[in-house]
Number of protein chains: 2
Amino acid sequence: MSEQLIVGVDLGGTTTKIAFITMDGAISYKWEIPTDNSNEGQNITFNLAKSIDEKIHELNIHKDQLIGIGMGAPGPVDYESGIILNVVNLGWKDNYPLKKSLEEATFLTAAIENDANCAALGEMWQGAGNGAKDLVCVTLGTGVGGGVIANGNIIQGANGAAGEIGHITVIPFGGAPCNCGKTGCLETVASATGIVRLAREEVSKSGSQGELAEKLHTSGKITAKDVFDAARNGDPLAVKVLEEVSFHLGFTLASIANTLNPEKIVLGGGVSKAGDILLNGVQENFERFAFSSVKNSTKIAVATLGNDAGVLGAAWLIKNKLNK
Amino acid sequence: MSEQLIVGVDLGGTTTKIAFITMDGAISYKWEIPTDNSNEGQNITFNLAKSIDEKIHELNIHKDQLIGIGMGAPGPVDYESGIILNVVNLGWKDNYPLKKSLEEATFLTAAIENDANCAALGEMWQGAGNGAKDLVCVTLGTGVGGGVIANGNIIQGANGAAGEIGHITVIPFGGAPCNCGKTGCLETVASATGIVRLAREEVSKSGSQGELAEKLHTSGKITAKDVFDAARNGDPLAVKVLEEVSFHLGFTLASIANTLNPEKIVLGGGVSKAGDILLNGVQENFERFAFSSVKNSTKIAVATLGNDAGVLGAAWLIKNKLNK
């Protein structure tokens, strides 16, 4: 084969996902390598370049076919300078010149972006966004992340902190502590962790009974999936937790939509796999709190790319750069 | 004089503001004409063209010096097509081709935008925004309007309904009815009307005393300014109202900033003239609910252009168009 390919990279704390992606957004080949955080992160871009070289040799791809490398990285990024501002898990010091390091290691044009933003761009390009130019992605995982796209571009914000949707306050008084230092953030109720916390609180109330309470009493632990499964079976305690999650999520999405009126709000992450039992409640609350013409035009959808969203969004950075 | 000028127009229900503006954003000359809504709004662009012709004659300006006309209009606008989607007060039917009508009447290149968005663009260009590329403007007047600028451009939204910040819900249960059909919108507590309503509610509570209560009992009416004045004098009832307004406004601005991390949030409209007595409380609540790196980078400022924001933002539309 001789077609042009973009290298898309999704850098995680333990694993780095890599893919060769066509200009049309098709994944030609994808693989993973472990992320080596030792030596102050100095091995990361070197290992990546080595793995790419091995792979093009193996797949009989000419280096000339690779037209650039895009990377999503876990932390706030200054897109123009290509600097990652602070990173907790990767060994790098603050303000690490990631783009430069990537270009020196791979001899390719590079672009970097925050990983949640890359997931949003991936969904815009090839996923649930379906080409929408105005899109908000909310990732409901261990935490709650977000990416905001307007007029086809990621909104970075003054300090790279746009899209911190997980830290919108939903319980102004007496909310649970959040990792960010505040209390009552959306993340404390709508992440997998938050859902489990709410369920544990309900179970600990006197006289709690039913599927979820028994599961916790028997096994000593429950997951967000257990909560959704029990709610599907009509367990009142699980239903109550789900109603609380749906209320806060629907309310917050309506506030965001009243501000931005995006074509789509795409929900991703493990929690979004709950499907209709979550979505229906979210939609109902969204409609209750959205301005009428926003309600009629902003659609809520579930992410479709799963783990591929990050590498696709990273590749889109290069495609977009070349188009300019 | 022979320099290039842009015509900036701020179309209101009763008055149309018009200005000749230089490419640098200086207002060379400004005047007003009444808005004639009769004849299904057919006279509006004709009267405007006539007034511009008279004015260039009077000021000895060559028609060639005018390089375009930008207009802010009260209603949702589709910028690309130049269509105003629906208008309540101007006589036009829905989906009126305003840009086309303006170009036919004036023989100038035209651009139209929603009036709240024009005010935001004006503040970005020449006012409190001070050139910031990421800006949110909130107008606290009879109602509460908004304009969102990201990457230097207005966010329109899927249905032209981005920036409906006044209709973000702040009281999810038992809030006051809003003109939009929902209840508990920001507009019901942070507009001039909302502040008066809150004050009247407080006064109507049994045993209410003090400056504000007496003012209402004596004159039968109070204004938002009365509330701020009484709060400045330490009237407990007025202070309580102000605390409620500041809480909801600060909370909502923090939610918006956690989503967009704009460089500035600019507060305009009559209510913003209250100054520090309002701003301090808003800032305090904003800091309480904003994510740490958002709190450190998003600044709240008061609009500086007053009534000129609209014509300046309208002129910016043309400047921006020519730059592309």
# chains A, B, ... in the order shown; residues from 1 in each chain; ligands from 1
>>> select_by_dssp(residues="segment 36-223 of chain B", states="strand (DSSP E)", output="PyMOL selection string")
chain B and resi 66-73+77-78+83-84+110-114+135-140+144-150+153-154
>>> write_last_selection(atoms="N, CA, C and O atoms", output="compact mmCIF listing (two decimals), in the first residue's frame")
# COMPACT_ATOMS: atom_id res chain seq x y z
N LEU B 66 -17.57 54.12 2.51
CA LEU B 66 -18.30 53.12 3.31
C LEU B 66 -18.02 51.73 2.74
O LEU B 66 -18.32 51.45 1.58
N ILE B 67 -17.42 50.89 3.56
CA ILE B 67 -17.02 49.58 3.00
C ILE B 67 -17.93 48.43 3.42
O ILE B 67 -17.74 47.30 2.99
N GLY B 68 -18.95 48.72 4.19
CA GLY B 68 -19.89 47.66 4.54
C GLY B 68 -20.78 48.11 5.69
O GLY B 68 -20.51 49.13 6.33
N ILE B 69 -21.82 47.33 5.90
CA ILE B 69 -22.76 47.65 6.98
C ILE B 69 -23.01 46.40 7.82
O ILE B 69 -23.36 45.34 7.29
N GLY B 70 -22.78 46.51 9.12
CA GLY B 70 -23.06 45.42 10.04
C GLY B 70 -24.23 45.79 10.92
O GLY B 70 -24.39 46.96 11.28
N MET B 71 -25.08 44.82 11.23
CA MET B 71 -26.26 45.12 12.05
C MET B 71 -26.48 44.07 13.12
O MET B 71 -26.40 42.88 12.87
N GLY B 72 -26.76 44.54 14.31
CA GLY B 72 -27.22 43.68 15.39
C GLY B 72 -28.73 43.77 15.45
O GLY B 72 -29.28 44.87 15.45
N ALA B 73 -29.40 42.62 15.46
CA ALA B 73 -30.86 42.61 15.45
C ALA B 73 -31.39 41.74 16.59
O ALA B 73 -30.76 40.76 16.98
N VAL B 77 -30.37 34.68 14.80
CA VAL B 77 -29.94 34.98 13.43
C VAL B 77 -29.15 33.81 12.87
O VAL B 77 -28.37 33.19 13.59
N ASP B 78 -29.36 33.48 11.63
CA ASP B 78 -28.46 32.55 10.96
C ASP B 78 -27.43 33.39 10.22
O ASP B 78 -27.75 34.01 9.19
N ILE B 83 -30.28 35.42 7.59
CA ILE B 83 -31.72 35.40 7.85
C ILE B 83 -31.98 35.58 9.33
O ILE B 83 -31.28 35.00 10.17
N ILE B 84 -32.97 36.40 9.66
CA ILE B 84 -33.36 36.53 11.06
C ILE B 84 -34.55 35.58 11.27
O ILE B 84 -35.53 35.60 10.53
N ALA B 110 -23.27 43.54 3.53
CA ALA B 110 -23.89 43.53 4.85
C ALA B 110 -23.58 42.25 5.62
O ALA B 110 -23.25 41.22 5.03
N ALA B 111 -23.65 42.36 6.93
CA ALA B 111 -23.56 41.18 7.80
C ALA B 111 -24.49 41.44 8.97
O ALA B 111 -24.57 42.58 9.46
N ILE B 112 -25.20 40.42 9.39
CA ILE B 112 -26.08 40.61 10.55
C ILE B 112 -25.76 39.57 11.62
O ILE B 112 -25.21 38.51 11.35
N GLU B 113 -26.12 39.91 12.84
CA GLU B 113 -25.86 39.04 13.98
C GLU B 113 -26.87 39.41 15.06
O GLU B 113 -27.43 40.51 15.04
N ASN B 114 -27.12 38.50 15.96
CA ASN B 114 -27.98 38.78 17.10
C ASN B 114 -27.43 39.95 17.92
O ASN B 114 -26.21 40.11 18.03
N LEU B 135 -14.40 34.83 25.44
CA LEU B 135 -15.12 35.84 26.21
C LEU B 135 -16.58 35.44 26.36
O LEU B 135 -17.19 34.94 25.42
N VAL B 136 -17.13 35.64 27.53
CA VAL B 136 -18.56 35.46 27.72
C VAL B 136 -19.12 36.78 28.22
O VAL B 136 -18.59 37.36 29.17
N CYS B 137 -20.15 37.30 27.54
CA CYS B 137 -20.80 38.53 28.00
C CYS B 137 -22.17 38.20 28.55
O CYS B 137 -22.92 37.44 27.92
N VAL B 138 -22.48 38.77 29.68
CA VAL B 138 -23.80 38.56 30.28
C VAL B 138 -24.41 39.94 30.51
O VAL B 138 -23.82 40.78 31.19
N THR B 139 -25.57 40.16 29.89
CA THR B 139 -26.23 41.46 30.01
C THR B 139 -27.35 41.35 31.03
O THR B 139 -28.31 40.60 30.82
N LEU B 140 -27.20 42.08 32.12
CA LEU B 140 -28.19 42.05 33.19
C LEU B 140 -29.08 43.28 33.06
O LEU B 140 -28.76 44.35 33.59
N VAL B 144 -32.09 38.81 31.12
CA VAL B 144 -30.67 38.47 31.16
C VAL B 144 -30.30 37.83 29.83
O VAL B 144 -30.87 36.80 29.45
N GLY B 145 -29.39 38.48 29.09
CA GLY B 145 -28.96 37.96 27.79
C GLY B 145 -27.51 37.53 27.86
O GLY B 145 -26.81 37.79 28.84
N GLY B 146 -27.06 36.88 26.79
CA GLY B 146 -25.67 36.45 26.81
C GLY B 146 -25.09 36.31 25.42
O GLY B 146 -25.82 36.16 24.43
N GLY B 147 -23.78 36.39 25.34
CA GLY B 147 -23.07 36.15 24.09
C GLY B 147 -21.79 35.41 24.44
O GLY B 147 -21.11 35.75 25.40
N VAL B 148 -21.49 34.37 23.66
CA VAL B 148 -20.30 33.56 23.94
C VAL B 148 -19.35 33.64 22.75
O VAL B 148 -19.74 33.36 21.62
N ILE B 149 -18.12 34.05 23.02
CA ILE B 149 -17.10 34.13 21.98
C ILE B 149 -16.01 33.13 22.30
O ILE B 149 -15.50 33.10 23.42
N ALA B 150 -15.68 32.29 21.32
CA ALA B 150 -14.58 31.33 21.51
C ALA B 150 -13.69 31.40 20.29
O ALA B 150 -14.17 31.50 19.16
N ASN B 153 -14.55 34.05 17.70
CA ASN B 153 -15.81 34.08 16.97
C ASN B 153 -17.00 33.79 17.87
O ASN B 153 -16.89 33.02 18.82
N ILE B 154 -18.12 34.40 17.52
CA ILE B 154 -19.36 34.12 18.25
C ILE B 154 -19.76 32.66 18.09
O ILE B 154 -19.65 32.11 17.00
>>> interface_residues(of="chain B", to="chain A", cutoff="8 Å", atoms="only C-alpha atoms", output="PyMOL selection string")
chain B and resi 134+148+150-151+155-165+167-169+172+180+182+254-263+288-294+297-298
>>> residues_around(residues="Val302 of chain A", least_positions_apart="2", cutoff="10 Å", atoms="only C-alpha atoms", output="list in words")
Glu123, Gly127, Ala128, Gly129, Cys137, Val138, Lys264, Ile265, Val266, Leu267, Gly268, Gly269, Ser272, Lys273, Gly275, Asp276, Leu279, Ile300, Thr304, Leu305 and Gly306 of chain A
>>> write_last_selection(atoms="all heavy atoms", output="short mmCIF file (atom, residue, chain, number, x, y, z; two decimals), in the first residue's frame")
data_model
loop_
_atom_site.label_atom_id
_atom_site.label_comp_id
_atom_site.auth_asym_id
_atom_site.auth_seq_id
_atom_site.Cartn_x
_atom_site.Cartn_y
_atom_site.Cartn_z
N GLU A 123 -14.89 11.71 18.17
CA GLU A 123 -16.34 11.50 18.05
C GLU A 123 -16.93 12.46 17.02
O GLU A 123 -17.86 12.12 16.30
CB GLU A 123 -17.03 11.66 19.40
CG GLU A 123 -16.77 10.52 20.38
CD GLU A 123 -17.45 9.19 20.00
OE1 GLU A 123 -18.38 9.21 19.18
OE2 GLU A 123 -17.02 8.14 20.52
N GLY A 127 -17.39 9.54 14.90
CA GLY A 127 -18.28 8.85 15.82
C GLY A 127 -19.66 9.46 15.92
O GLY A 127 -20.23 9.89 14.91
N ALA A 128 -20.18 9.52 17.14
CA ALA A 128 -21.56 9.95 17.37
C ALA A 128 -21.79 11.40 16.93
O ALA A 128 -22.93 11.80 16.68
CB ALA A 128 -21.92 9.80 18.85
N GLY A 129 -20.71 12.19 16.85
CA GLY A 129 -20.85 13.59 16.44
C GLY A 129 -21.25 13.71 14.99
O GLY A 129 -21.90 14.66 14.59
N CYS A 137 -18.56 16.76 24.45
CA CYS A 137 -18.41 15.36 24.84
C CYS A 137 -18.21 15.29 26.34
O CYS A 137 -17.43 16.06 26.90
CB CYS A 137 -17.20 14.72 24.16
SG CYS A 137 -17.51 14.35 22.45
N VAL A 138 -18.91 14.39 26.96
CA VAL A 138 -18.77 14.20 28.40
C VAL A 138 -18.42 12.73 28.63
O VAL A 138 -19.16 11.84 28.20
CB VAL A 138 -20.08 14.56 29.14
CG1 VAL A 138 -19.90 14.42 30.64
CG2 VAL A 138 -20.52 15.98 28.79
N LYS A 264 -24.85 18.35 19.21
CA LYS A 264 -24.90 17.09 19.97
C LYS A 264 -24.15 17.21 21.28
O LYS A 264 -23.12 17.88 21.37
CB LYS A 264 -24.25 15.97 19.16
CG LYS A 264 -25.02 15.62 17.91
CD LYS A 264 -25.09 14.12 17.69
CE LYS A 264 -25.95 13.83 16.47
NZ LYS A 264 -25.48 12.67 15.72
N ILE A 265 -24.66 16.49 22.26
CA ILE A 265 -23.90 16.22 23.48
C ILE A 265 -23.66 14.72 23.47
O ILE A 265 -24.62 13.93 23.43
CB ILE A 265 -24.66 16.64 24.74
CG1 ILE A 265 -24.89 18.16 24.75
CG2 ILE A 265 -23.89 16.20 25.99
CD1 ILE A 265 -25.69 18.66 25.94
N VAL A 266 -22.40 14.33 23.41
CA VAL A 266 -22.07 12.91 23.30
C VAL A 266 -21.57 12.40 24.65
O VAL A 266 -20.64 12.95 25.23
CB VAL A 266 -20.97 12.71 22.22
CG1 VAL A 266 -20.55 11.24 22.16
CG2 VAL A 266 -21.46 13.18 20.86
N LEU A 267 -22.23 11.37 25.16
CA LEU A 267 -21.83 10.77 26.43
C LEU A 267 -20.98 9.54 26.17
O LEU A 267 -21.41 8.62 25.47
CB LEU A 267 -23.07 10.38 27.24
CG LEU A 267 -24.05 11.51 27.59
CD1 LEU A 267 -25.22 10.95 28.40
CD2 LEU A 267 -23.34 12.60 28.36
N GLY A 268 -19.77 9.54 26.72
CA GLY A 268 -18.89 8.38 26.57
C GLY A 268 -18.44 7.87 27.92
O GLY A 268 -18.93 8.29 28.96
N GLY A 269 -17.49 6.93 27.90
CA GLY A 269 -16.97 6.36 29.13
C GLY A 269 -17.80 5.18 29.59
O GLY A 269 -18.92 4.95 29.10
N SER A 272 -21.58 5.37 30.44
CA SER A 272 -22.53 5.59 29.33
C SER A 272 -23.01 4.26 28.74
O SER A 272 -24.02 4.22 28.05
CB SER A 272 -21.90 6.45 28.24
OG SER A 272 -20.93 5.71 27.51
N LYS A 273 -22.28 3.18 29.02
CA LYS A 273 -22.69 1.86 28.52
C LYS A 273 -23.96 1.35 29.20
O LYS A 273 -24.53 0.35 28.76
CB LYS A 273 -21.55 0.86 28.69
CG LYS A 273 -20.37 1.17 27.78
CD LYS A 273 -19.28 0.14 27.85
CE LYS A 273 -18.11 0.55 26.95
NZ LYS A 273 -16.82 0.32 27.60
N GLY A 275 -26.68 2.60 28.93
CA GLY A 275 -27.71 2.70 27.89
C GLY A 275 -28.98 3.40 28.34
O GLY A 275 -28.92 4.33 29.15
N ASP A 276 -30.11 2.92 27.83
CA ASP A 276 -31.37 3.63 28.00
C ASP A 276 -31.78 3.88 29.44
O ASP A 276 -32.41 4.90 29.74
CB ASP A 276 -32.50 2.88 27.28
CG ASP A 276 -32.41 3.07 25.78
OD1 ASP A 276 -31.62 3.94 25.36
OD2 ASP A 276 -33.09 2.35 25.04
N LEU A 279 -29.91 6.95 30.03
CA LEU A 279 -30.20 8.00 29.03
C LEU A 279 -31.62 8.56 29.14
O LEU A 279 -31.81 9.77 29.01
CB LEU A 279 -30.02 7.44 27.62
CG LEU A 279 -28.63 7.52 27.05
CD1 LEU A 279 -28.64 7.05 25.61
CD2 LEU A 279 -28.11 8.96 27.13
N ILE A 300 -28.89 14.51 22.57
CA ILE A 300 -27.98 13.75 23.43
C ILE A 300 -27.77 12.37 22.78
O ILE A 300 -28.73 11.71 22.40
CB ILE A 300 -28.54 13.60 24.85
CG1 ILE A 300 -28.71 14.99 25.47
CG2 ILE A 300 -27.62 12.74 25.72
CD1 ILE A 300 -29.32 14.98 26.86
N THR A 304 -19.74 6.40 20.11
CA THR A 304 -19.75 5.14 19.35
C THR A 304 -18.35 4.57 19.12
O THR A 304 -18.22 3.44 18.68
CB THR A 304 -20.39 5.34 17.96
OG1 THR A 304 -19.61 6.31 17.24
CG2 THR A 304 -21.82 5.85 18.09
N LEU A 305 -17.31 5.36 19.40
CA LEU A 305 -15.97 4.90 19.03
C LEU A 305 -15.25 4.13 20.13
O LEU A 305 -14.22 3.51 19.87
CB LEU A 305 -15.10 6.10 18.63
CG LEU A 305 -15.57 6.89 17.41
CD1 LEU A 305 -14.66 8.09 17.22
CD2 LEU A 305 -15.56 6.02 16.16
N GLY A 306 -15.75 4.16 21.34
CA GLY A 306 -15.10 3.48 22.45
C GLY A 306 -13.65 3.90 22.57
O GLY A 306 -13.33 5.09 22.50
#
>>> select_by_dssp(residues="segment 64-177 of chain B", states="alpha helix (DSSP H)", output="list in words")
Leu98, Lys99, Lys100, Ser101, Leu102, Glu103, Glu104, Ala105, Thr106, Asp115, Ala116, Asn117, Cys118, Ala119, Ala120, Leu121, Gly122, Glu123, Met124, Trp125 and Gln126 of chain B
>>> closest_residue(among="A:Asn285, A:Thr35, A:Thr109, A:Asn323", to="Glu244 of chain A", atoms="only C-alpha atoms")
A:Asn285
>>> residues_around(residues="Gly41 of chain A", least_positions_apart="5", cutoff="8 Å", atoms="only C-alpha atoms", output="ChimeraX atom specification")
/A:36,90-92
>>> residues_around(residues="Ala238 of chain A", least_positions_apart="5", cutoff="7 Å", atoms="only C-alpha atoms", output="list in words")
Ala199, Leu212, Val227, Ala230 and Ala231 of chain A
>>> closest_residue(among="A:Glu58, A:Glu3, A:Asp24, A:Asp53", to="Leu108 of chain A", atoms="only C-alpha atoms")
A:Asp53
